[in-house]
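> Input file: model_35.pdb. Contents: PDB, C-alpha atoms, pLDDT in the B column.
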```
ATOM      1  CA  MET A   1    -113.521  -0.278 -69.366  1.00 88.00           C
ATOM      2  CA  LEU A   2    -112.539   0.891 -72.860  1.00 91.00           C
ATOM      3  CA  GLU A   3    -115.492   3.286 -72.922  1.00 93.00           C
ATOM      4  CA  ASP A   4    -114.709   4.482 -69.400  1.00 92.00           C
ATOM      5  CA  SER A   5    -111.176   5.236 -70.580  1.00 93.00           C
ATOM      6  CA  GLY A   6    -112.440   7.451 -73.405  1.00 95.00           C
ATOM      7  CA  PHE A   7    -112.339   5.092 -76.400  1.00 97.00           C
ATOM      8  CA  THR A   8    -115.147   4.965 -78.948  1.00 96.00           C
ATOM      9  CA  ASP A   9    -116.167   2.806 -81.927  1.00 97.00           C
ATOM     10  CA  ILE A  10    -115.384  -0.425 -80.096  1.00 97.00           C
ATOM     11  CA  VAL A  11    -115.377  -3.639 -82.132  1.00 97.00           C
ATOM     12  CA  ILE A  12    -114.855  -7.133 -80.695  1.00 97.00           C
ATOM     13  CA  GLY A  13    -113.819 -10.052 -82.893  1.00 97.00           C
ATOM     14  CA  GLU A  14    -114.726 -13.718 -82.748  1.00 95.00           C
ATOM     15  CA  ALA A  15    -113.601 -15.862 -79.824  1.00 96.00           C
ATOM     16  CA  VAL A  16    -110.424 -17.876 -80.423  1.00 95.00           C
ATOM     17  CA  ASP A  17    -109.643 -21.084 -78.544  1.00 94.00           C
ATOM     18  CA  THR A  18    -106.291 -19.794 -77.369  1.00 93.00           C
ATOM     19  CA  PHE A  19    -105.609 -22.506 -74.798  1.00 92.00           C
ATOM     20  CA  GLY A  20    -107.055 -25.565 -76.545  1.00 92.00           C
ATOM     21  CA  GLY A  21    -104.592 -28.446 -76.281  1.00 91.00           C
ATOM     22  CA  ALA A  22    -102.252 -26.545 -73.957  1.00 93.00           C
ATOM     23  CA  THR A  23    -101.638 -27.592 -70.368  1.00 89.00           C
ATOM     24  CA  GLY A  24    -103.681 -24.576 -69.259  1.00 89.00           C
ATOM     25  CA  GLU A  25    -106.755 -25.783 -71.141  1.00 91.00           C
ATOM     26  CA  ASP A  26    -108.586 -27.210 -68.123  1.00 89.00           C
ATOM     27  CA  LYS A  27    -108.365 -23.948 -66.199  1.00 87.00           C
ATOM     28  CA  ALA A  28    -109.374 -21.979 -69.289  1.00 89.00           C
ATOM     29  CA  ARG A  29    -112.396 -24.218 -69.849  1.00 92.00           C
ATOM     30  CA  ALA A  30    -113.470 -23.857 -66.205  1.00 87.00           C
ATOM     31  CA  PHE A  31    -113.904 -20.112 -66.662  1.00 88.00           C
ATOM     32  CA  GLU A  32    -114.688 -20.097 -70.400  1.00 91.00           C
ATOM     33  CA  VAL A  33    -111.531 -18.175 -71.196  1.00 91.00           C
ATOM     34  CA  TYR A  34    -110.980 -17.338 -74.863  1.00 94.00           C
ATOM     35  CA  GLY A  35    -108.891 -14.886 -76.812  1.00 96.00           C
ATOM     36  CA  TYR A  36    -110.487 -11.942 -78.614  1.00 97.00           C
ATOM     37  CA  ALA A  37    -109.339  -9.161 -80.900  1.00 97.00           C
ATOM     38  CA  PHE A  38    -110.536  -5.687 -79.957  1.00 97.00           C
ATOM     39  CA  MET A  39    -110.466  -2.444 -81.881  1.00 98.00           C
ATOM     40  CA  ALA A  40    -111.294   1.015 -80.573  1.00 98.00           C
ATOM     41  CA  ARG A  41    -110.605   4.603 -81.494  1.00 98.00           C
ATOM     42  CA  ARG A  42    -109.399   7.702 -79.704  1.00 97.00           C
ATOM     43  CA  PRO A  43    -111.997  10.376 -80.455  1.00 96.00           C
ATOM     44  CA  ALA A  44    -110.836  12.820 -83.149  1.00 93.00           C
TER
ATOM     45  CA  MET B   1    -107.384   8.922 -55.800  1.00 47.00           C
ATOM     46  CA  ALA B   2    -105.667   5.527 -55.742  1.00 59.00           C
ATOM     47  CA  ARG B   3    -107.696   2.685 -57.202  1.00 70.00           C
ATOM     48  CA  ASP B   4    -108.316  -0.485 -55.225  1.00 77.00           C
ATOM     49  CA  LEU B   5    -106.245  -2.960 -57.228  1.00 84.00           C
ATOM     50  CA  LEU B   6    -106.651  -6.705 -56.851  1.00 84.00           C
ATOM     51  CA  VAL B   7    -102.919  -7.392 -56.581  1.00 86.00           C
ATOM     52  CA  ASP B   8     -99.766  -5.396 -55.959  1.00 86.00           C
ATOM     53  CA  PRO B   9     -98.584  -4.048 -59.351  1.00 89.00           C
ATOM     54  CA  ASP B  10     -94.870  -4.371 -58.575  1.00 90.00           C
ATOM     55  CA  ALA B  11     -95.194  -7.933 -57.310  1.00 88.00           C
ATOM     56  CA  LEU B  12     -97.205  -8.889 -60.377  1.00 89.00           C
ATOM     57  CA  ARG B  13     -94.654  -7.270 -62.693  1.00 92.00           C
ATOM     58  CA  GLU B  14     -91.868  -9.277 -61.080  1.00 91.00           C
ATOM     59  CA  GLN B  15     -93.829 -12.488 -61.551  1.00 89.00           C
ATOM     60  CA  VAL B  16     -94.563 -11.636 -65.190  1.00 89.00           C
ATOM     61  CA  ARG B  17     -90.910 -10.775 -65.811  1.00 92.00           C
ATOM     62  CA  SER B  18     -89.845 -14.117 -64.370  1.00 90.00           C
ATOM     63  CA  LYS B  19     -92.282 -16.066 -66.534  1.00 90.00           C
ATOM     64  CA  TYR B  20     -91.508 -14.241 -69.771  1.00 91.00           C
ATOM     65  CA  ARG B  21     -87.774 -14.244 -69.152  1.00 92.00           C
ATOM     66  CA  GLU B  22     -88.104 -18.013 -69.413  1.00 92.00           C
ATOM     67  CA  VAL B  23     -90.205 -17.735 -72.587  1.00 93.00           C
ATOM     68  CA  ALA B  24     -87.435 -15.578 -74.113  1.00 92.00           C
ATOM     69  CA  VAL B  25     -84.452 -17.761 -73.273  1.00 91.00           C
ATOM     70  CA  ASP B  26     -86.046 -21.226 -73.355  1.00 92.00           C
ATOM     71  CA  PRO B  27     -89.177 -21.035 -75.518  1.00 92.00           C
ATOM     72  CA  GLY B  28     -89.401 -24.809 -75.835  1.00 88.00           C
ATOM     73  CA  ALA B  29     -89.525 -25.386 -72.095  1.00 89.00           C
ATOM     74  CA  GLY B  30     -93.275 -25.987 -72.085  1.00 87.00           C
ATOM     75  CA  PHE B  31     -95.771 -23.559 -70.604  1.00 90.00           C
ATOM     76  CA  HIS B  32     -99.478 -23.559 -69.763  1.00 90.00           C
ATOM     77  CA  PHE B  33    -100.008 -21.653 -73.026  1.00 91.00           C
ATOM     78  CA  HIS B  34     -98.966 -22.338 -76.613  1.00 93.00           C
ATOM     79  CA  THR B  35     -95.997 -20.574 -78.184  1.00 93.00           C
ATOM     80  CA  GLY B  36     -94.319 -20.101 -81.547  1.00 95.00           C
ATOM     81  CA  ARG B  37     -95.397 -20.947 -85.080  1.00 96.00           C
ATOM     82  CA  GLY B  38     -98.126 -23.355 -84.003  1.00 95.00           C
ATOM     83  CA  LEU B  39     -99.725 -20.638 -81.904  1.00 96.00           C
ATOM     84  CA  ALA B  40     -99.491 -18.096 -84.730  1.00 97.00           C
ATOM     85  CA  SER B  41    -101.312 -20.539 -86.995  1.00 96.00           C
ATOM     86  CA  ARG B  42    -103.956 -21.247 -84.329  1.00 96.00           C
ATOM     87  CA  LEU B  43    -104.614 -17.530 -83.937  1.00 97.00           C
ATOM     88  CA  GLY B  44    -105.089 -16.967 -87.650  1.00 96.00           C
ATOM     89  CA  TYR B  45    -101.949 -15.097 -88.627  1.00 97.00           C
ATOM     90  CA  GLN B  46    -101.329 -15.186 -92.367  1.00 95.00           C
ATOM     91  CA  ALA B  47     -98.884 -17.981 -93.091  1.00 96.00           C
ATOM     92  CA  ASP B  48     -96.979 -16.074 -95.745  1.00 95.00           C
ATOM     93  CA  ALA B  49     -96.218 -13.274 -93.288  1.00 95.00           C
ATOM     94  CA  VAL B  50     -95.104 -15.657 -90.553  1.00 97.00           C
ATOM     95  CA  ASN B  51     -93.085 -17.892 -92.870  1.00 96.00           C
ATOM     96  CA  THR B  52     -90.831 -15.016 -93.889  1.00 95.00           C
ATOM     97  CA  LEU B  53     -89.705 -14.556 -90.272  1.00 96.00           C
ATOM     98  CA  PRO B  54     -86.775 -16.498 -88.791  1.00 95.00           C
ATOM     99  CA  ASP B  55     -87.368 -18.885 -85.895  1.00 95.00           C
ATOM    100  CA  ARG B  56     -85.940 -16.474 -83.344  1.00 94.00           C
ATOM    101  CA  ALA B  57     -88.638 -13.928 -84.270  1.00 96.00           C
ATOM    102  CA  VAL B  58     -91.462 -16.434 -83.754  1.00 97.00           C
ATOM    103  CA  GLU B  59     -90.388 -19.051 -81.187  1.00 95.00           C
ATOM    104  CA  SER B  60     -91.075 -16.845 -78.130  1.00 94.00           C
ATOM    105  CA  PHE B  61     -94.408 -15.563 -79.413  1.00 96.00           C
ATOM    106  CA  ALA B  62     -97.002 -16.097 -76.683  1.00 94.00           C
ATOM    107  CA  GLY B  63     -99.976 -13.977 -77.749  1.00 96.00           C
ATOM    108  CA  VAL B  64    -103.620 -14.849 -77.158  1.00 96.00           C
ATOM    109  CA  GLY B  65    -105.250 -13.503 -80.320  1.00 97.00           C
ATOM    110  CA  ASN B  66    -104.528 -11.614 -83.520  1.00 98.00           C
ATOM    111  CA  PRO B  67    -104.476  -7.801 -83.265  1.00 98.00           C
ATOM    112  CA  PHE B  68    -104.433  -7.564 -87.076  1.00 98.00           C
ATOM    113  CA  SER B  69    -107.551  -9.666 -87.631  1.00 97.00           C
ATOM    114  CA  LEU B  70    -110.007  -6.752 -87.508  1.00 97.00           C
ATOM    115  CA  ARG B  71    -107.888  -4.358 -89.563  1.00 97.00           C
ATOM    116  CA  ARG B  72    -104.642  -4.611 -91.496  1.00 98.00           C
ATOM    117  CA  LEU B  73    -102.258  -1.741 -90.753  1.00 98.00           C
ATOM    118  CA  ALA B  74    -101.809   0.826 -93.509  1.00 98.00           C
ATOM    119  CA  PRO B  75     -98.490   1.694 -95.174  1.00 98.00           C
ATOM    120  CA  GLY B  76     -96.758   4.573 -93.431  1.00 98.00           C
ATOM    121  CA  GLU B  77     -98.552   4.250 -90.106  1.00 98.00           C
ATOM    122  CA  LYS B  78     -96.742   4.850 -86.821  1.00 98.00           C
ATOM    123  CA  VAL B  79     -97.336   2.002 -84.368  1.00 98.00           C
ATOM    124  CA  VAL B  80     -96.687   1.359 -80.674  1.00 98.00           C
ATOM    125  CA  ASP B  81     -96.574  -2.309 -79.607  1.00 98.00           C
ATOM    126  CA  VAL B  82     -97.402  -2.405 -75.895  1.00 98.00           C
ATOM    127  CA  GLY B  83     -95.570  -5.359 -74.341  1.00 97.00           C
ATOM    128  CA  SER B  84     -93.704  -6.333 -77.492  1.00 97.00           C
ATOM    129  CA  GLY B  85     -91.974  -9.383 -76.040  1.00 95.00           C
ATOM    130  CA  ALA B  86     -89.529 -10.941 -78.512  1.00 96.00           C
ATOM    131  CA  GLY B  87     -90.997  -8.734 -81.237  1.00 97.00           C
ATOM    132  CA  PHE B  88     -93.239 -11.045 -83.261  1.00 98.00           C
ATOM    133  CA  ASP B  89     -96.179  -8.638 -83.571  1.00 98.00           C
ATOM    134  CA  SER B  90     -93.810  -5.700 -84.105  1.00 98.00           C
ATOM    135  CA  PHE B  91     -92.253  -7.521 -87.061  1.00 98.00           C
ATOM    136  CA  ILE B  92     -95.680  -8.336 -88.502  1.00 98.00           C
ATOM    137  CA  ALA B  93     -96.603  -4.654 -88.023  1.00 98.00           C
ATOM    138  CA  ALA B  94     -93.376  -3.573 -89.727  1.00 97.00           C
ATOM    139  CA  SER B  95     -94.213  -5.682 -92.763  1.00 96.00           C
ATOM    140  CA  GLN B  96     -97.638  -4.032 -93.001  1.00 97.00           C
ATOM    141  CA  VAL B  97     -96.591  -0.388 -92.499  1.00 98.00           C
ATOM    142  CA  GLY B  98     -93.545  -0.804 -94.732  1.00 96.00           C
ATOM    143  CA  PRO B  99     -90.337   1.229 -94.755  1.00 95.00           C
ATOM    144  CA  GLY B 100     -92.293   4.493 -94.654  1.00 97.00           C
ATOM    145  CA  GLY B 101     -93.883   3.585 -91.332  1.00 98.00           C
ATOM    146  CA  HIS B 102     -92.393   3.183 -87.895  1.00 98.00           C
ATOM    147  CA  VAL B 103     -92.922   0.675 -85.083  1.00 98.00           C
ATOM    148  CA  ILE B 104     -91.886   1.200 -81.459  1.00 98.00           C
ATOM    149  CA  GLY B 105     -92.022  -1.962 -79.369  1.00 98.00           C
ATOM    150  CA  VAL B 106     -92.082  -1.435 -75.603  1.00 98.00           C
ATOM    151  CA  ASP B 107     -91.315  -4.172 -73.105  1.00 97.00           C
ATOM    152  CA  MET B 108     -90.156  -4.415 -69.499  1.00 96.00           C
ATOM    153  CA  THR B 109     -88.249  -7.716 -69.686  1.00 94.00           C
ATOM    154  CA  ALA B 110     -84.551  -7.360 -70.507  1.00 94.00           C
ATOM    155  CA  GLU B 111     -84.240 -10.760 -72.155  1.00 95.00           C
ATOM    156  CA  MET B 112     -87.186 -10.064 -74.462  1.00 95.00           C
ATOM    157  CA  LEU B 113     -85.768  -6.662 -75.403  1.00 97.00           C
ATOM    158  CA  ALA B 114     -82.342  -8.128 -76.166  1.00 96.00           C
ATOM    159  CA  LYS B 115     -83.876 -10.824 -78.343  1.00 96.00           C
ATOM    160  CA  SER B 116     -86.149  -8.441 -80.265  1.00 97.00           C
ATOM    161  CA  ARG B 117     -83.344  -5.943 -80.877  1.00 97.00           C
ATOM    162  CA  GLN B 118     -81.001  -8.644 -82.175  1.00 96.00           C
ATOM    163  CA  THR B 119     -83.701  -9.960 -84.491  1.00 96.00           C
ATOM    164  CA  ALA B 120     -84.512  -6.495 -85.845  1.00 96.00           C
ATOM    165  CA  GLU B 121     -80.845  -5.932 -86.570  1.00 95.00           C
ATOM    166  CA  ALA B 122     -80.505  -9.317 -88.266  1.00 94.00           C
ATOM    167  CA  LEU B 123     -83.556  -8.575 -90.407  1.00 94.00           C
ATOM    168  CA  GLY B 124     -82.270  -5.118 -91.295  1.00 94.00           C
ATOM    169  CA  LEU B 125     -85.578  -3.534 -90.345  1.00 93.00           C
ATOM    170  CA  GLY B 126     -84.839   0.153 -89.950  1.00 92.00           C
ATOM    171  CA  GLN B 127     -88.464   1.016 -89.234  1.00 96.00           C
ATOM    172  CA  VAL B 128     -88.578  -0.972 -85.964  1.00 98.00           C
ATOM    173  CA  GLU B 129     -87.075  -0.046 -82.619  1.00 97.00           C
ATOM    174  CA  PHE B 130     -87.530  -1.469 -79.138  1.00 98.00           C
ATOM    175  CA  ARG B 131     -87.611   0.571 -75.946  1.00 98.00           C
ATOM    176  CA  GLU B 132     -87.621  -0.477 -72.317  1.00 97.00           C
ATOM    177  CA  GLY B 133     -90.724   0.619 -70.456  1.00 97.00           C
ATOM    178  CA  LEU B 134     -93.988  -0.219 -68.766  1.00 96.00           C
ATOM    179  CA  ALA B 135     -97.455  -0.357 -70.269  1.00 96.00           C
ATOM    180  CA  GLU B 136     -98.500   2.207 -67.645  1.00 96.00           C
ATOM    181  CA  ALA B 137     -95.643   4.580 -68.575  1.00 96.00           C
ATOM    182  CA  LEU B 138     -94.873   4.224 -72.280  1.00 98.00           C
ATOM    183  CA  PRO B 139     -91.658   5.943 -73.446  1.00 98.00           C
ATOM    184  CA  VAL B 140     -93.493   7.524 -76.381  1.00 98.00           C
ATOM    185  CA  ALA B 141     -94.487  11.150 -76.983  1.00 98.00           C
ATOM    186  CA  ASP B 142     -98.066  12.395 -76.640  1.00 98.00           C
ATOM    187  CA  GLY B 143    -100.147  11.777 -79.749  1.00 98.00           C
ATOM    188  CA  TRP B 144     -97.303  10.120 -81.691  1.00 98.00           C
ATOM    189  CA  ALA B 145     -99.011   6.885 -82.736  1.00 98.00           C
ATOM    190  CA  ASP B 146    -101.558   6.219 -85.438  1.00 98.00           C
ATOM    191  CA  VAL B 147    -102.119   2.761 -83.970  1.00 98.00           C
ATOM    192  CA  ALA B 148    -101.376   0.998 -80.692  1.00 98.00           C
ATOM    193  CA  ILE B 149    -101.257  -2.787 -80.735  1.00 98.00           C
ATOM    194  CA  SER B 150    -100.907  -5.267 -77.881  1.00 98.00           C
ATOM    195  CA  ASN B 151    -101.342  -9.007 -77.461  1.00 98.00           C
ATOM    196  CA  GLY B 152    -101.992 -10.831 -74.210  1.00 95.00           C
ATOM    197  CA  VAL B 153    -100.407  -8.104 -72.129  1.00 95.00           C
ATOM    198  CA  ILE B 154    -103.151  -5.947 -70.626  1.00 94.00           C
ATOM    199  CA  ASN B 155    -104.661  -8.894 -68.722  1.00 90.00           C
ATOM    200  CA  LEU B 156    -101.299  -9.171 -66.947  1.00 90.00           C
ATOM    201  CA  CYS B 157    -101.390  -5.560 -65.744  1.00 91.00           C
ATOM    202  CA  ALA B 158    -102.845  -4.849 -62.306  1.00 88.00           C
ATOM    203  CA  ASP B 159    -104.115  -1.365 -63.227  1.00 91.00           C
ATOM    204  CA  LYS B 160    -105.837  -1.735 -66.590  1.00 92.00           C
ATOM    205  CA  GLN B 161    -107.384   1.742 -66.443  1.00 94.00           C
ATOM    206  CA  ALA B 162    -103.874   3.206 -66.162  1.00 94.00           C
ATOM    207  CA  VAL B 163    -102.784   1.210 -69.221  1.00 96.00           C
ATOM    208  CA  PHE B 164    -105.740   2.357 -71.317  1.00 97.00           C
ATOM    209  CA  ALA B 165    -105.196   5.962 -70.212  1.00 96.00           C
ATOM    210  CA  GLU B 166    -101.547   5.709 -71.265  1.00 97.00           C
ATOM    211  CA  ILE B 167    -102.444   4.232 -74.644  1.00 98.00           C
ATOM    212  CA  LEU B 168    -104.960   7.046 -75.143  1.00 97.00           C
ATOM    213  CA  ARG B 169    -102.154   9.539 -74.413  1.00 98.00           C
ATOM    214  CA  VAL B 170     -99.777   8.188 -77.061  1.00 98.00           C
ATOM    215  CA  LEU B 171    -102.458   7.848 -79.771  1.00 98.00           C
ATOM    216  CA  ARG B 172    -103.165  10.807 -82.036  1.00 98.00           C
ATOM    217  CA  PRO B 173    -106.774  12.020 -82.092  1.00 98.00           C
ATOM    218  CA  GLY B 174    -108.633   9.519 -84.270  1.00 98.00           C
ATOM    219  CA  GLY B 175    -105.913   6.912 -83.739  1.00 98.00           C
ATOM    220  CA  ARG B 176    -106.773   3.264 -83.224  1.00 98.00           C
ATOM    221  CA  LEU B 177    -106.160   0.723 -80.517  1.00 98.00           C
ATOM    222  CA  GLN B 178    -105.989  -2.807 -81.954  1.00 98.00           C
ATOM    223  CA  PHE B 179    -105.278  -5.401 -79.326  1.00 98.00           C
ATOM    224  CA  ALA B 180    -105.898  -9.022 -78.460  1.00 97.00           C
ATOM    225  CA  ASP B 181    -106.513 -10.332 -74.989  1.00 96.00           C
ATOM    226  CA  ILE B 182    -108.327 -12.984 -73.030  1.00 93.00           C
ATOM    227  CA  ALA B 183    -111.756 -12.636 -71.452  1.00 90.00           C
ATOM    228  CA  ASN B 184    -113.663 -15.089 -69.268  1.00 89.00           C
ATOM    229  CA  GLY B 185    -117.284 -16.058 -69.773  1.00 88.00           C
ATOM    230  CA  ARG B 186    -117.741 -17.299 -66.222  1.00 87.00           C
ATOM    231  CA  PRO B 187    -116.915 -15.204 -63.146  1.00 85.00           C
ATOM    232  CA  VAL B 188    -113.674 -15.938 -61.346  1.00 84.00           C
ATOM    233  CA  PRO B 189    -114.066 -16.182 -57.537  1.00 81.00           C
ATOM    234  CA  ALA B 190    -112.967 -13.069 -55.667  1.00 81.00           C
ATOM    235  CA  GLU B 191    -110.311 -14.927 -53.692  1.00 80.00           C
ATOM    236  CA  ALA B 192    -108.797 -16.235 -56.914  1.00 79.00           C
ATOM    237  CA  LEU B 193    -108.635 -12.716 -58.365  1.00 83.00           C
ATOM    238  CA  ARG B 194    -106.449 -11.690 -55.438  1.00 78.00           C
ATOM    239  CA  ASP B 195    -104.146 -14.734 -55.785  1.00 78.00           C
ATOM    240  CA  ILE B 196    -101.169 -13.381 -57.694  1.00 74.00           C
ATOM    241  CA  ASP B 197     -99.929 -16.859 -58.626  1.00 73.00           C
ATOM    242  CA  LEU B 198    -103.077 -17.432 -60.689  1.00 73.00           C
ATOM    243  CA  TRP B 199    -102.446 -14.336 -62.835  1.00 72.00           C
ATOM    244  CA  THR B 200     -99.496 -15.937 -64.612  1.00 72.00           C
ATOM    245  CA  GLY B 201    -100.094 -19.632 -64.079  1.00 67.00           C
TER
END
```
Show the structure stored in the file as structure tokens.

Amino acid sequence: MLEDSGFTDIVIGEAVDTFGGATGEDKARAFEVYGYAFMARRPA
Amino acid sequence: MARDLLVDPDALREQVRSKYREVAVDPGAGFHFHTGRGLASRLGYQADAVNTLPDRAVESFAGVGNPFSLRRLAPGEKVVDVGSGAGFDSFIAASQVGPGGHVIGVDMTAEMLAKSRQTAEALGLGQVEFREGLAEALPVADGWADVAISNGVINLCADKQAVFAEILRVLRPGGRLQFADIANGRPVPAEALRDIDLWTG
């Protein structure tokens, strides 16, 4: 979707266990939900 | 041509406002996600940066990742924080860009805006301001920003293409988008994707 929107140079960081230990953990585990950092650039 | 969205954007916004209004005024109430200093530590924020902030700047933080983990902001940069909440990431950004930079936090929830503005005033941060607005209609001029940041917000927007198009508009050519958000490794059933209650709960 980032590429479709016109961004380039896309970088994705390591997965982070955002919901571990929270009450939403079970639902997150069911769908393998993790947090990620993303970086992209508007073309010059 | 209108896109086929999974849920009604206005209904979703109202649900998000309701949830995050509670996070602003009663951050210790207990939610399905972590909040506050413990969350910031879990997500890898630098302790020295977080420790300098007062509780009111951190307690309502409810991000899902660390937008600064792939690149630290540079002094003097102009930054838009899309869905700035109570301002935690905006304050971290302000510390990185310094007094020569500028940070505009944009949020749609009145209680979050009030809290972030009061904190900015208490901290005496002249390089930070907070504006009311939507991720799909940012109150920022074309090409103003060197960097757009966001944390756990875009997944709560019904029309993600509209959000990315709006971020592209406010970035200068060559500007960067640095954001954190959730992604699922297993597919979510179609009926669940259209259940608005599951978007925020």
> Once you add 4 Å to each side, what are the centre and edge lengths of the axis-aligned box holding all listed atoms of segment 39-56 of chain B? One decimal in Å, as AutoDock Vina command-line options, if you can.

```
--center_x -95.5 --center_y -17.3 --center_z -88.8 --size_x 27.1 --size_y 16.0 --size_z 21.8
```
> Can you tell me how far atom CA of Tyr20 of chain B sits from atom CA of Arg37 of chain B, in Å to one decimal?
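Distance reported for this atom pair: 17.2 Å.
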> Which value, in Å to one decimal, gives the distance between atom CA of Gly185 of chain B and atom CA of Ala158 of chain B?
19.7 Å
> With distances taken over all atoms listed in the file, which residue among B:His32, B:Leu53, B:Glu22, B:Val170 lies nearest Asp89 of chain B?
B:Leu53
> Would you list the contacts of Phe31 of chain A as a PyMOL selection string, taking every protein, DNA or RNA residue within 8 Å and counting all atoms listed in the file, but skipping same-chain residues closer than 5 positions in sequence?
chain B and resi 184-188
> I'd like the residues picked by the PyMOL selection byres ((chain B) within 9 of (chain A)) written out as an MDAnalysis selection string, using the chain letters and numbers from the file.
chainID B and resid 30:34 39 42:43 63:71 151:152 160:162 164:165 168 171:188 201
> Record the distance separating atom CA of Leu73 of chain B and atom CA of His102 of chain B, expressed in Å with one decimal.
11.4 Å
> Env of Gly126 of chain B: 10 Å cut, atoms = all atoms listed in the file, seq-sep filter 4 positions within chain, self excluded. Answer as a list of chain:residue names.
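Listing them by chain and then by number gives B:Ala94, B:Gly98, B:Pro99, B:Gly100, B:Gly101, B:His102, B:Val103, B:Ala120, B:Glu121.
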> Generate the output file for the selected residues, C-alpha atoms, as a compact mmCIF listing (two decimals), in the frame of the given file.

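In the end it all went to out.txt:
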```
# COMPACT_ATOMS: atom_id res chain seq x y z
CA ALA B 94 -93.38 -3.57 -89.73
CA GLY B 98 -93.54 -0.80 -94.73
CA PRO B 99 -90.34 1.23 -94.76
CA GLY B 100 -92.29 4.49 -94.65
CA GLY B 101 -93.88 3.58 -91.33
CA HIS B 102 -92.39 3.18 -87.90
CA VAL B 103 -92.92 0.68 -85.08
CA ALA B 120 -84.51 -6.50 -85.84
CA GLU B 121 -80.84 -5.93 -86.57
```
> Set the distance at 8 Å and use all atoms listed in the file: which residues neighbour Val163 of chain B once local chain neighbours fewer than 2 positions away are removed? I'd like the list as an mmCIF file with C-alpha atoms, in the coordinates of the input.

```
data_model
loop_
_atom_site.group_PDB
_atom_site.id
_atom_site.type_symbol
_atom_site.label_atom_id
_atom_site.label_comp_id
_atom_site.auth_asym_id
_atom_site.auth_seq_id
_atom_site.Cartn_x
_atom_site.Cartn_y
_atom_site.Cartn_z
ATOM 1 C CA ALA B 135 -97.455 -0.357 -70.269
ATOM 2 C CA GLU B 136 -98.500 2.207 -67.645
ATOM 3 C CA ALA B 137 -95.643 4.580 -68.575
ATOM 4 C CA ILE B 154 -103.151 -5.947 -70.626
ATOM 5 C CA CYS B 157 -101.390 -5.560 -65.744
ATOM 6 C CA ASP B 159 -104.115 -1.365 -63.227
ATOM 7 C CA LYS B 160 -105.837 -1.735 -66.590
ATOM 8 C CA GLN B 161 -107.384 1.742 -66.443
ATOM 9 C CA ALA B 165 -105.196 5.962 -70.212
ATOM 10 C CA GLU B 166 -101.547 5.709 -71.265
ATOM 11 C CA ILE B 167 -102.444 4.232 -74.644
#
```
> Quick one: of B:Val147, B:Leu138, B:Ala57, B:Ala24, who's nearest to Met112 of chain B, counting only C-alpha atoms?
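Looking at the shortest contact to Met112 of chain B, the residue is B:Ala24.
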